[in-house]
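Peer 1: Contents are mmCIF, C-alpha atoms and all ligand atoms; file name input.cif:
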data_coords
#
loop_
_atom_site.label_atom_id
_atom_site.label_comp_id
_atom_site.auth_asym_id
_atom_site.auth_seq_id
_atom_site.Cartn_x
_atom_site.Cartn_y
_atom_site.Cartn_z
CA MET A 1 22.20 -25.99 -32.08
CA THR A 2 22.12 -22.36 -31.08
CA SER A 3 19.04 -20.48 -30.05
CA ALA A 4 18.37 -16.81 -29.56
CA PRO A 5 19.11 -15.70 -26.00
CA ALA A 6 15.99 -15.59 -23.87
CA ARG A 7 14.84 -12.06 -23.13
CA LYS A 8 15.70 -10.90 -19.68
CA SER A 9 13.18 -11.64 -16.98
CA HIS A 10 12.36 -8.60 -14.87
CA ARG A 11 12.18 -8.81 -11.12
CA ILE A 12 9.51 -6.47 -9.83
CA ALA A 13 9.17 -5.63 -6.13
CA VAL A 14 5.53 -5.10 -5.21
CA ILE A 15 4.57 -3.05 -2.17
CA GLY A 16 0.79 -2.78 -1.79
CA GLY A 17 1.12 -0.63 1.32
CA ASP A 18 -1.82 0.87 3.19
CA GLY A 19 -5.54 1.45 2.65
CA ILE A 20 -6.60 0.80 -0.92
CA GLY A 21 -2.98 0.23 -2.00
CA PRO A 22 -3.05 -3.60 -2.06
CA GLU A 23 -6.36 -3.67 -3.96
CA VAL A 24 -5.31 -1.30 -6.72
CA VAL A 25 -1.91 -2.99 -7.04
CA ALA A 26 -3.62 -6.37 -7.48
CA GLU A 27 -5.46 -4.93 -10.50
CA GLY A 28 -2.25 -3.45 -11.88
CA LEU A 29 -0.64 -6.90 -11.66
CA LYS A 30 -3.70 -8.44 -13.32
CA VAL A 31 -3.24 -6.14 -16.31
CA LEU A 32 0.50 -6.84 -16.34
CA SER A 33 -0.02 -10.59 -16.43
CA ALA A 34 -2.58 -10.21 -19.21
CA ILE A 35 -0.28 -8.16 -21.44
CA ALA A 36 2.95 -10.07 -20.77
CA PRO A 37 2.55 -13.03 -23.17
CA ARG A 38 1.71 -10.82 -26.15
CA HIS A 39 4.91 -8.81 -25.73
CA GLY A 40 7.27 -11.61 -24.75
CA LEU A 41 7.54 -10.03 -21.35
CA ARG A 42 8.96 -12.23 -18.62
CA TYR A 43 8.84 -11.10 -15.04
CA GLU A 44 8.64 -12.23 -11.48
CA ALA A 45 6.65 -10.20 -8.93
CA VAL A 46 8.08 -10.28 -5.41
CA GLN A 47 5.59 -9.15 -2.76
CA TYR A 48 6.79 -7.09 0.18
CA PRO A 49 4.48 -6.42 3.15
CA PHE A 50 5.71 -2.94 4.09
CA SER A 51 2.82 -0.86 5.38
CA THR A 52 1.42 0.63 8.56
CA ASP A 53 0.01 -2.81 9.50
CA ARG A 54 3.51 -4.21 9.32
CA TRP A 55 4.93 -1.30 11.31
CA LEU A 56 2.33 -1.89 14.05
CA ALA A 57 2.83 -5.66 14.04
CA THR A 58 6.59 -5.29 14.46
CA GLY A 59 6.33 -2.94 17.44
CA GLY A 60 4.93 0.38 16.21
CA GLU A 61 6.35 3.20 18.31
CA HIS A 62 8.70 0.67 19.93
CA GLY A 63 10.97 -0.05 17.01
CA GLY A 64 8.40 -1.07 14.39
CA GLU A 65 9.90 -1.57 10.95
CA THR A 66 9.04 0.44 7.86
CA LEU A 67 11.51 -0.83 5.25
CA PRO A 68 14.25 -2.98 6.76
CA ASP A 69 17.81 -2.64 5.44
CA SER A 70 17.80 -6.22 4.17
CA ALA A 71 14.72 -5.62 2.00
CA PHE A 72 16.11 -2.30 0.78
CA ALA A 73 19.30 -4.11 -0.31
CA GLU A 74 17.29 -6.84 -2.08
CA ILE A 75 15.36 -4.22 -3.99
CA LYS A 76 18.41 -2.14 -4.81
CA ASP A 77 20.61 -5.01 -5.93
CA GLY A 78 18.12 -7.57 -7.15
CA CYS A 79 15.11 -5.82 -8.67
CA ASP A 80 14.47 -3.87 -11.87
CA ALA A 81 11.43 -1.94 -10.69
CA VAL A 82 9.12 -1.37 -7.74
CA LEU A 83 5.35 -1.11 -8.02
CA LEU A 84 3.88 0.68 -5.02
CA GLY A 85 0.23 1.17 -4.04
CA ALA A 86 -0.02 3.84 -1.36
CA ILE A 87 1.32 4.57 2.11
CA GLY A 88 -0.47 6.53 4.82
CA ASP A 89 -2.65 5.49 7.72
CA PRO A 90 -3.93 7.52 10.68
CA ARG A 91 -2.79 4.82 13.14
CA ALA A 92 0.84 5.94 12.68
CA PRO A 93 2.30 9.39 13.40
CA VAL A 94 1.95 11.75 10.41
CA GLY A 95 4.56 11.01 7.76
CA LEU A 96 6.41 8.27 9.64
CA VAL A 97 5.66 5.29 7.40
CA GLU A 98 5.62 7.53 4.28
CA HIS A 99 9.16 8.59 5.12
CA GLY A 100 10.27 5.10 6.01
CA VAL A 101 9.05 3.55 2.78
CA ILE A 102 8.46 6.12 0.01
CA MET A 103 11.13 8.66 0.88
CA ARG A 104 13.61 5.91 1.73
CA LEU A 105 13.18 4.43 -1.73
CA ARG A 106 13.11 7.76 -3.58
CA VAL A 107 16.23 9.05 -1.88
CA GLY A 108 18.00 5.76 -1.16
CA LEU A 109 17.71 4.61 -4.77
CA ASP A 110 18.53 8.15 -5.95
CA LEU A 111 15.36 8.33 -8.05
CA PHE A 112 15.89 11.95 -9.03
CA VAL A 113 13.10 12.19 -11.60
CA ASN A 114 9.50 12.20 -10.52
CA LEU A 115 7.82 11.94 -13.88
CA ARG A 116 4.17 12.92 -13.91
CA PRO A 117 2.39 12.84 -17.26
CA ILE A 118 -0.90 14.75 -17.41
CA LYS A 119 -3.07 13.76 -20.31
CA LEU A 120 -6.80 14.08 -20.86
CA TYR A 121 -8.31 11.02 -22.53
CA ASP A 122 -11.90 12.17 -22.77
CA ALA A 123 -13.35 15.69 -22.68
CA ARG A 124 -16.10 14.72 -20.21
CA LEU A 125 -13.45 14.00 -17.54
CA CYS A 126 -12.09 17.55 -17.54
CA PRO A 127 -13.58 20.03 -15.07
CA LEU A 128 -12.47 22.97 -17.23
CA LYS A 129 -14.95 24.52 -19.62
CA ASP A 130 -14.31 23.91 -23.32
CA LYS A 131 -11.05 21.99 -22.90
CA ARG A 132 -10.56 18.99 -25.13
CA PRO A 133 -8.04 16.12 -25.04
CA GLU A 134 -5.72 17.96 -27.44
CA ASP A 135 -5.52 20.83 -24.92
CA VAL A 136 -4.22 18.70 -22.03
CA ASP A 137 -1.07 16.75 -22.83
CA MET A 138 1.94 17.62 -20.70
CA VAL A 139 4.61 16.08 -18.50
CA ILE A 140 5.82 17.56 -15.23
CA CYS A 141 9.38 16.63 -14.24
CA ARG A 142 9.48 17.03 -10.49
CA GLU A 143 12.89 16.92 -8.81
CA ASN A 144 12.67 14.05 -6.35
CA THR A 145 15.65 13.94 -4.00
CA GLU A 146 16.17 17.46 -2.58
CA ASP A 147 14.29 20.52 -1.33
CA ALA A 148 12.51 20.77 2.02
CA TYR A 149 11.50 17.12 1.53
CA THR A 150 14.94 15.82 2.40
CA ALA A 151 16.11 18.53 4.80
CA LYS A 152 15.87 17.88 8.50
CA ALA A 153 13.13 19.62 10.48
CA GLU A 154 14.48 21.48 13.48
CA PHE A 155 12.48 22.84 16.38
CA THR A 156 13.93 25.10 19.00
CA ASN A 157 12.10 26.06 22.20
CA LYS A 158 9.53 23.44 21.25
CA GLY A 159 6.14 23.92 22.84
CA THR A 160 6.95 27.40 24.13
CA PRO A 161 5.73 30.78 22.84
CA ASP A 162 9.26 31.28 21.46
CA GLU A 163 9.23 28.16 19.34
CA VAL A 164 10.98 28.32 15.97
CA ALA A 165 10.63 25.56 13.36
CA VAL A 166 12.94 25.30 10.36
CA GLN A 167 13.15 22.94 7.36
CA PRO A 168 15.21 24.50 4.60
CA MET A 169 14.61 24.34 0.86
CA ARG A 170 18.01 22.95 -0.01
CA TYR A 171 19.21 22.60 -3.63
CA THR A 172 22.52 21.42 -5.04
CA ARG A 173 23.92 22.36 -8.43
CA LYS A 174 24.27 18.69 -9.37
CA GLY A 175 20.76 17.83 -8.24
CA THR A 176 19.28 20.80 -10.06
CA GLU A 177 21.25 20.26 -13.24
CA ARG A 178 20.42 16.58 -13.68
CA ILE A 179 16.64 17.06 -13.50
CA ILE A 180 16.78 20.09 -15.81
CA ARG A 181 18.86 18.12 -18.29
CA TYR A 182 16.45 15.18 -18.12
CA ALA A 183 13.55 17.57 -18.82
CA PHE A 184 15.29 19.12 -21.85
CA GLU A 185 15.96 15.63 -23.23
CA LEU A 186 12.32 14.71 -22.68
CA ALA A 187 11.02 17.84 -24.41
CA ARG A 188 13.24 17.01 -27.38
CA ARG A 189 12.27 13.32 -27.44
CA ARG A 190 8.53 13.96 -27.09
CA ASN A 191 8.79 16.27 -30.06
CA LYS A 192 5.40 17.91 -29.43
CA GLN A 193 5.69 21.64 -28.77
CA LYS A 194 9.39 21.15 -27.96
CA LYS A 195 8.98 23.58 -25.10
CA LEU A 196 10.33 23.43 -21.57
CA LEU A 197 8.84 25.55 -18.81
CA LEU A 198 10.81 26.22 -15.63
CA ILE A 199 8.52 26.61 -12.63
CA ASP A 200 9.97 28.14 -9.47
CA LYS A 201 9.47 30.94 -6.98
CA ALA A 202 12.84 32.62 -7.41
CA ASN A 203 11.32 36.06 -6.79
CA ALA A 204 10.59 35.13 -3.16
CA VAL A 205 12.88 32.15 -2.49
CA ARG A 206 16.21 33.55 -3.63
CA ALA A 207 17.94 30.17 -3.14
CA GLN A 208 16.15 29.19 -6.34
CA ASP A 209 18.38 31.56 -8.25
CA LEU A 210 20.42 28.38 -8.62
CA TRP A 211 17.56 26.99 -10.73
CA THR A 212 17.39 30.18 -12.83
CA ARG A 213 21.12 30.09 -13.62
CA THR A 214 21.35 26.34 -14.19
CA PHE A 215 18.33 26.37 -16.50
CA ALA A 216 19.80 29.20 -18.58
CA GLU A 217 23.14 27.42 -18.91
CA VAL A 218 21.73 24.00 -19.82
CA ALA A 219 19.31 25.62 -22.29
CA LYS A 220 22.27 26.65 -24.45
CA GLU A 221 22.87 22.98 -25.23
CA TYR A 222 19.29 22.58 -26.49
CA PRO A 223 18.78 25.34 -29.06
CA ASP A 224 15.95 23.33 -30.63
CA VAL A 225 13.90 23.41 -27.39
CA ALA A 226 12.03 26.66 -26.64
CA THR A 227 12.18 27.78 -23.01
CA ASP A 228 9.74 29.59 -20.80
CA HIS A 229 9.43 30.49 -17.14
CA ALA A 230 6.58 30.86 -14.64
CA TYR A 231 6.44 31.33 -10.90
CA ILE A 232 4.61 28.49 -9.16
CA ASP A 233 1.57 30.58 -8.26
CA ALA A 234 1.14 31.76 -11.84
CA ALA A 235 1.85 28.26 -13.19
CA CYS A 236 -1.09 26.88 -11.14
CA MET A 237 -3.27 29.61 -12.58
CA TRP A 238 -2.15 29.01 -16.19
CA MET A 239 -2.63 25.28 -15.83
CA LEU A 240 -6.31 25.90 -15.15
CA LYS A 241 -6.74 28.73 -17.62
CA ASN A 242 -4.61 27.58 -20.55
CA PRO A 243 -3.42 23.97 -20.11
CA GLU A 244 -2.70 23.88 -23.84
CA TRP A 245 0.33 26.10 -23.25
CA PHE A 246 2.09 23.31 -21.33
CA ASP A 247 4.34 20.70 -22.92
CA VAL A 248 7.17 19.69 -20.55
CA ALA A 249 7.75 21.52 -17.27
CA VAL A 250 10.51 21.13 -14.70
CA THR A 251 10.25 22.15 -11.07
CA THR A 252 11.37 21.61 -7.50
CA ASN A 253 10.25 18.72 -5.32
CA LEU A 254 7.72 20.66 -3.23
CA PHE A 255 6.22 22.72 -6.05
CA GLY A 256 6.09 19.60 -8.20
CA ASP A 257 4.11 17.81 -5.52
CA ILE A 258 1.57 20.63 -5.42
CA ILE A 259 1.13 21.40 -9.10
CA THR A 260 0.75 17.74 -10.06
CA ASP A 261 -2.34 17.46 -7.89
CA VAL A 262 -3.75 20.40 -9.86
CA GLY A 263 -2.71 18.59 -13.04
CA ALA A 264 -4.40 15.40 -11.88
CA MET A 265 -7.71 17.27 -11.61
CA VAL A 266 -7.31 18.70 -15.09
CA GLN A 267 -6.93 15.18 -16.51
CA GLY A 268 -9.92 13.81 -14.62
CA GLY A 269 -8.84 13.36 -11.01
CA LEU A 270 -6.50 11.42 -8.78
CA GLY A 271 -8.13 8.24 -10.06
CA ILE A 272 -5.98 8.35 -13.20
CA ALA A 273 -2.75 10.17 -12.34
CA ALA A 274 0.38 8.01 -12.20
CA SER A 275 4.02 8.70 -11.59
CA GLY A 276 7.43 7.21 -12.19
CA ASN A 277 10.19 7.81 -9.66
CA ILE A 278 13.09 7.23 -11.98
CA HIS A 279 16.84 7.02 -12.16
CA PRO A 280 17.46 6.23 -15.82
CA GLY A 281 18.98 2.79 -16.21
CA ARG A 282 18.47 1.78 -12.60
CA VAL A 283 15.78 0.18 -10.46
CA SER A 284 12.92 2.71 -10.36
CA LEU A 285 9.61 3.05 -8.56
CA PHE A 286 6.14 3.42 -10.07
CA GLU A 287 3.02 4.45 -8.19
CA PRO A 288 -0.35 6.14 -8.50
CA ILE A 289 -0.14 9.69 -7.17
CA HIS A 290 -3.25 9.29 -5.04
CA GLY A 291 -3.03 8.37 -1.37
CA SER A 292 -4.22 5.36 0.58
CA ALA A 293 -7.85 6.52 1.05
CA PRO A 294 -8.35 4.41 4.22
CA LYS A 295 -12.12 4.92 4.16
CA TYR A 296 -12.40 2.89 0.94
CA LYS A 297 -10.11 0.11 2.13
CA GLY A 298 -11.27 -3.44 1.51
CA GLN A 299 -14.50 -2.42 -0.23
CA ASN A 300 -13.52 -3.27 -3.79
CA SER A 301 -14.61 0.27 -4.71
CA ALA A 302 -11.35 2.16 -5.28
CA ASN A 303 -10.46 3.05 -8.84
CA PRO A 304 -7.36 1.15 -10.01
CA VAL A 305 -6.80 3.13 -13.23
CA ALA A 306 -3.95 5.24 -11.83
CA THR A 307 -2.08 2.09 -10.79
CA VAL A 308 -2.67 0.54 -14.19
CA MET A 309 -1.20 3.72 -15.71
CA ALA A 310 1.77 3.35 -13.33
CA VAL A 311 2.27 -0.15 -14.75
CA ALA A 312 2.35 1.41 -18.24
CA LEU A 313 5.08 3.83 -17.12
CA MET A 314 6.97 0.93 -15.55
CA LEU A 315 6.88 -1.06 -18.79
CA ASP A 316 8.23 1.93 -20.66
CA HIS A 317 11.09 2.14 -18.18
CA LEU A 318 11.78 -1.60 -18.46
CA GLY A 319 12.24 -1.28 -22.20
CA HIS A 320 8.75 -2.26 -23.37
CA PRO A 321 7.35 1.08 -24.56
CA GLU A 322 4.97 -0.63 -26.98
CA ALA A 323 3.34 -2.59 -24.13
CA GLY A 324 3.05 0.65 -22.19
CA ARG A 325 1.28 2.27 -25.11
CA VAL A 326 -1.14 -0.67 -25.42
CA ILE A 327 -2.15 -0.22 -21.77
CA GLU A 328 -2.56 3.52 -22.22
CA GLY A 329 -4.67 2.90 -25.32
CA ALA A 330 -6.86 0.40 -23.46
CA VAL A 331 -7.46 2.90 -20.64
CA ALA A 332 -8.23 5.67 -23.14
CA SER A 333 -10.73 3.60 -25.07
CA ALA A 334 -12.42 2.24 -21.93
CA LEU A 335 -12.88 5.84 -20.75
CA GLN A 336 -14.08 7.10 -24.12
CA SER A 337 -16.57 4.26 -24.57
CA GLY A 338 -17.89 4.64 -21.03
CA ARG A 339 -16.94 1.08 -20.03
CA ILE A 340 -15.06 2.76 -17.21
CA LYS A 341 -17.95 4.80 -15.90
CA SER A 342 -16.00 7.30 -13.82
CA LEU A 343 -12.61 7.90 -12.25
CA SER A 344 -14.09 8.32 -8.79
CA ALA A 345 -14.18 5.65 -6.13
CA GLY A 346 -17.43 3.76 -5.76
CA ALA A 347 -18.73 4.05 -9.32
CA GLN A 348 -17.69 0.54 -10.27
CA LYS A 349 -15.94 -2.39 -8.62
CA THR A 350 -12.13 -2.22 -8.45
CA SER A 351 -11.88 -5.77 -9.79
CA GLU A 352 -14.36 -5.12 -12.59
CA ILE A 353 -12.21 -2.28 -13.96
CA GLY A 354 -9.12 -4.50 -13.66
CA ASP A 355 -10.89 -7.34 -15.50
CA LEU A 356 -12.04 -5.18 -18.36
CA LEU A 357 -8.62 -3.61 -18.85
CA ALA A 358 -6.91 -7.01 -18.58
CA SER A 359 -9.11 -8.46 -21.28
CA ALA A 360 -8.62 -5.39 -23.46
CA VAL A 361 -4.82 -5.66 -23.37
CA ALA A 362 -4.78 -9.44 -23.78
CA GLY A 363 -5.92 -8.71 -27.36
C1 LIG A 401 3.12 12.30 -3.74
C2 LIG A 401 2.67 12.25 -2.31
C3 LIG A 401 3.88 12.15 -1.40
C4 LIG A 401 4.72 13.38 -1.67
C5 LIG A 401 3.55 11.98 0.10
C6 LIG A 401 2.73 10.74 0.35
C7 LIG A 401 4.79 11.97 0.95
O1 LIG A 401 1.89 13.37 -2.03
O2 LIG A 401 3.75 11.33 -4.19
O3 LIG A 401 2.85 13.28 -4.43
O4 LIG A 401 4.48 14.43 -1.07
O5 LIG A 401 5.64 13.28 -2.49
MG MG A 402 1.50 14.61 -3.73
#
I need this file expressed as structure tokens, please.
Peer 2:
Amino acid sequence: MTSAPARKSHRIAVIGGDGIGPEVVAEGLKVLSAIAPRHGLRYEAVQYPFSTDRWLATGGEHGGETLPDSAFAEIKDGCDAVLLGAIGDPRAPVGLVEHGVIMRLRVGLDLFVNLRPIKLYDARLCPLKDKRPEDVDMVICRENTEDAYTAKAEFTNKGTPDEVAVQPMRYTRKGTERIIRYAFELARRRNKQKKLLLIDKANAVRAQDLWTRTFAEVAKEYPDVATDHAYIDAACMWMLKNPEWFDVAVTTNLFGDIITDVGAMVQGGLGIAASGNIHPGRVSLFEPIHGSAPKYKGQNSANPVATVMAVALMLDHLGHPEAGRVIEGAVASALQSGRIKSLSAGAQKTSEIGDLLASAVAG
């Protein structure tokens, strides 16, 4: 007797991280386990303890570990996705654990796309006057492996009046081309306005002329996608004034970091904004874009919606786009009906929001 091959089981690395991270991730996993049976989704969640607590417990400044090589190898070779809560805690030097965990995974796994959808699900969530859900529906493709983020900081004459600090904005042709190409493909696949906006600051940062030239060359291969250009300062202004002009945008790592916080506000706040750190076809990382909010830690008051949305992006990446859409639909209807009262922390219990979304997706 022959039977159909069982669908692949996905191995998902889970890193709760610092502050509210573990709490919001627990709700994301609750929603995942509720939706799995309906979509024939098989998975195994493997918990990893990497966080500032772990760094302190393993020695802190004296050799404390952020993400050990053995765990990195397990994730790289044995997992299909990573679900991350948040990293950042004032007990560690600024950026140390963030670099050790988030940047290590983004760069080490070569996750060159930082995909940040910005969509408004209910008009009352938008701080802009007279903007409706149909006016806010865009995706920012942030380059995720280059720029000042991955260049080394150098200080000369440190601590003296003659100090000089340098951290270059470094771009490669290959790194620039692959994110631009991904963004053109996305604009085509989304099939909304079929428009791709390049956001840079090439008038001041002349190194970004590489972006200007690469964009123009790649655009020739996509005659069906309209192109546009805005400098980062103007793009921030247009996003607030006319968000309806945006469809897909592509930008550098640093500018993408900044403008997606603006975008998060336009869609209702950091409580809903999620991101995928993606290398198509490879293990990729999904996370809310908010930080660890240490002051809300352990109070069951953080909003888990952004993490639930990160789970939706993860399912899309794992080849279950329908399950991703069901989660998105459940979030949208819970916001529209007022069952999720607000996207701010403290309005409702973390676990209560997780429970109501889990029961909505269980169908
Ligand atoms: C983000 C965050 C990170 C970044 C920090 C935590 C390093 O702000 O994912 O947007 O700057 O990329
Ligand atoms: Mg950011």
Peer 1: Which protein, DNA or RNA residues are at most 7 Å from (7.2, -1.2, -8.1) in the file's coordinates when you count only C-alpha atoms, listed as a list in words?
Peer 2: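 Output: Ile12, Ala13, Val14, Ile15, Ala81, Val82, Leu83, Leu84, Leu285 and Phe286 of chain A.
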Peer 1: Take the residues just selected and output them with C-alpha atoms as a CSV table (one decimal), in the coordinates of the input.
Peer 2:
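File written: out.csv
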chain,number,residue,atom,x,y,z
A,12,ILE,CA,9.5,-6.5,-9.8
A,13,ALA,CA,9.2,-5.6,-6.1
A,14,VAL,CA,5.5,-5.1,-5.2
A,15,ILE,CA,4.6,-3.0,-2.2
A,81,ALA,CA,11.4,-1.9,-10.7
A,82,VAL,CA,9.1,-1.4,-7.7
A,83,LEU,CA,5.4,-1.1,-8.0
A,84,LEU,CA,3.9,0.7,-5.0
A,285,LEU,CA,9.6,3.0,-8.6
A,286,PHE,CA,6.1,3.4,-10.1
Peer 1: Suppose you want the space between CA of Gly95 (chain A) and atom C7 of ligand LIG 401 (chain A); what is it in Å?
Peer 2: 6.9 Å
Peer 1: Pick from A:His317, A:Lys152, A:Arg142, A:Arg124: nearest to ligand LIG 401 (chain A), with only C-alpha atoms and all ligand atoms counted?
Peer 2: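 Smallest distance to ligand LIG 401 (chain A) is found for A:Arg142.
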Peer 1: What does the structure give for the distance between CA of Val311 (chain A) and CA of Ile327 (chain A), in Å to one decimal?
Peer 2: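 Straight-line distance from CA of Val311 (chain A) to CA of Ile327 (chain A) works out to 8.3 Å.
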Peer 1: Would you please work out which residue, of A:Val248, A:Ile87, A:Leu197, A:Cys126, is nearest to ligand MG 402 (chain A) when using all atoms listed in the file?
Peer 2: A:Ile87
Peer 1: Place N, CA, C and O atoms on region 21-38 of chain A and deliver the coordinates as a compact mmCIF listing (two decimals), keeping the file's coordinate frame.
Peer 2:
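Output file result.txt follows:
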# COMPACT_ATOMS: atom_id res chain seq x y z
N GLY A 21 -4.18 0.59 -1.24
CA GLY A 21 -2.98 0.23 -2.00
C GLY A 21 -2.97 -1.21 -2.51
O GLY A 21 -2.83 -1.46 -3.71
N PRO A 22 -3.12 -2.21 -1.60
CA PRO A 22 -3.05 -3.60 -2.06
C PRO A 22 -4.11 -3.94 -3.12
O PRO A 22 -3.84 -4.70 -4.05
N GLU A 23 -5.30 -3.35 -2.99
CA GLU A 23 -6.36 -3.67 -3.96
C GLU A 23 -6.05 -3.13 -5.35
O GLU A 23 -6.26 -3.80 -6.36
N VAL A 24 -5.58 -1.87 -5.40
CA VAL A 24 -5.31 -1.30 -6.72
C VAL A 24 -4.08 -1.96 -7.35
O VAL A 24 -4.03 -2.17 -8.57
N VAL A 25 -3.10 -2.32 -6.51
CA VAL A 25 -1.91 -2.99 -7.04
C VAL A 25 -2.28 -4.37 -7.61
O VAL A 25 -1.75 -4.78 -8.64
N ALA A 26 -3.21 -5.06 -6.97
CA ALA A 26 -3.62 -6.37 -7.48
C ALA A 26 -4.18 -6.23 -8.90
O ALA A 26 -3.93 -7.07 -9.78
N GLU A 27 -4.91 -5.14 -9.15
CA GLU A 27 -5.46 -4.93 -10.50
C GLU A 27 -4.36 -4.55 -11.49
O GLU A 27 -4.39 -4.96 -12.64
N GLY A 28 -3.40 -3.78 -11.02
CA GLY A 28 -2.25 -3.45 -11.88
C GLY A 28 -1.52 -4.71 -12.31
O GLY A 28 -1.16 -4.89 -13.48
N LEU A 29 -1.34 -5.63 -11.36
CA LEU A 29 -0.64 -6.90 -11.66
C LEU A 29 -1.48 -7.77 -12.59
O LEU A 29 -0.95 -8.50 -13.43
N LYS A 30 -2.81 -7.67 -12.44
CA LYS A 30 -3.70 -8.44 -13.32
C LYS A 30 -3.50 -7.99 -14.77
O LYS A 30 -3.38 -8.81 -15.69
N VAL A 31 -3.43 -6.69 -14.96
CA VAL A 31 -3.24 -6.14 -16.31
C VAL A 31 -1.85 -6.53 -16.83
O VAL A 31 -1.68 -6.91 -17.99
N LEU A 32 -0.85 -6.47 -15.94
CA LEU A 32 0.50 -6.84 -16.34
C LEU A 32 0.55 -8.29 -16.79
O LEU A 32 1.15 -8.62 -17.83
N SER A 33 -0.11 -9.17 -16.04
CA SER A 33 -0.02 -10.59 -16.43
C SER A 33 -0.80 -10.84 -17.71
O SER A 33 -0.47 -11.74 -18.47
N ALA A 34 -1.81 -10.02 -17.97
CA ALA A 34 -2.58 -10.21 -19.21
C ALA A 34 -1.79 -9.73 -20.43
O ALA A 34 -1.90 -10.30 -21.51
N ILE A 35 -0.99 -8.70 -20.26
CA ILE A 35 -0.28 -8.16 -21.44
C ILE A 35 1.04 -8.88 -21.69
O ILE A 35 1.55 -8.88 -22.82
N ALA A 36 1.59 -9.52 -20.67
CA ALA A 36 2.95 -10.07 -20.77
C ALA A 36 3.15 -11.04 -21.95
O ALA A 36 4.09 -10.85 -22.74
N PRO A 37 2.27 -12.05 -22.13
CA PRO A 37 2.55 -13.03 -23.17
C PRO A 37 2.65 -12.40 -24.56
O PRO A 37 3.52 -12.73 -25.35
N ARG A 38 1.76 -11.45 -24.83
CA ARG A 38 1.71 -10.82 -26.15
C ARG A 38 2.99 -10.08 -26.50
O ARG A 38 3.30 -9.89 -27.65
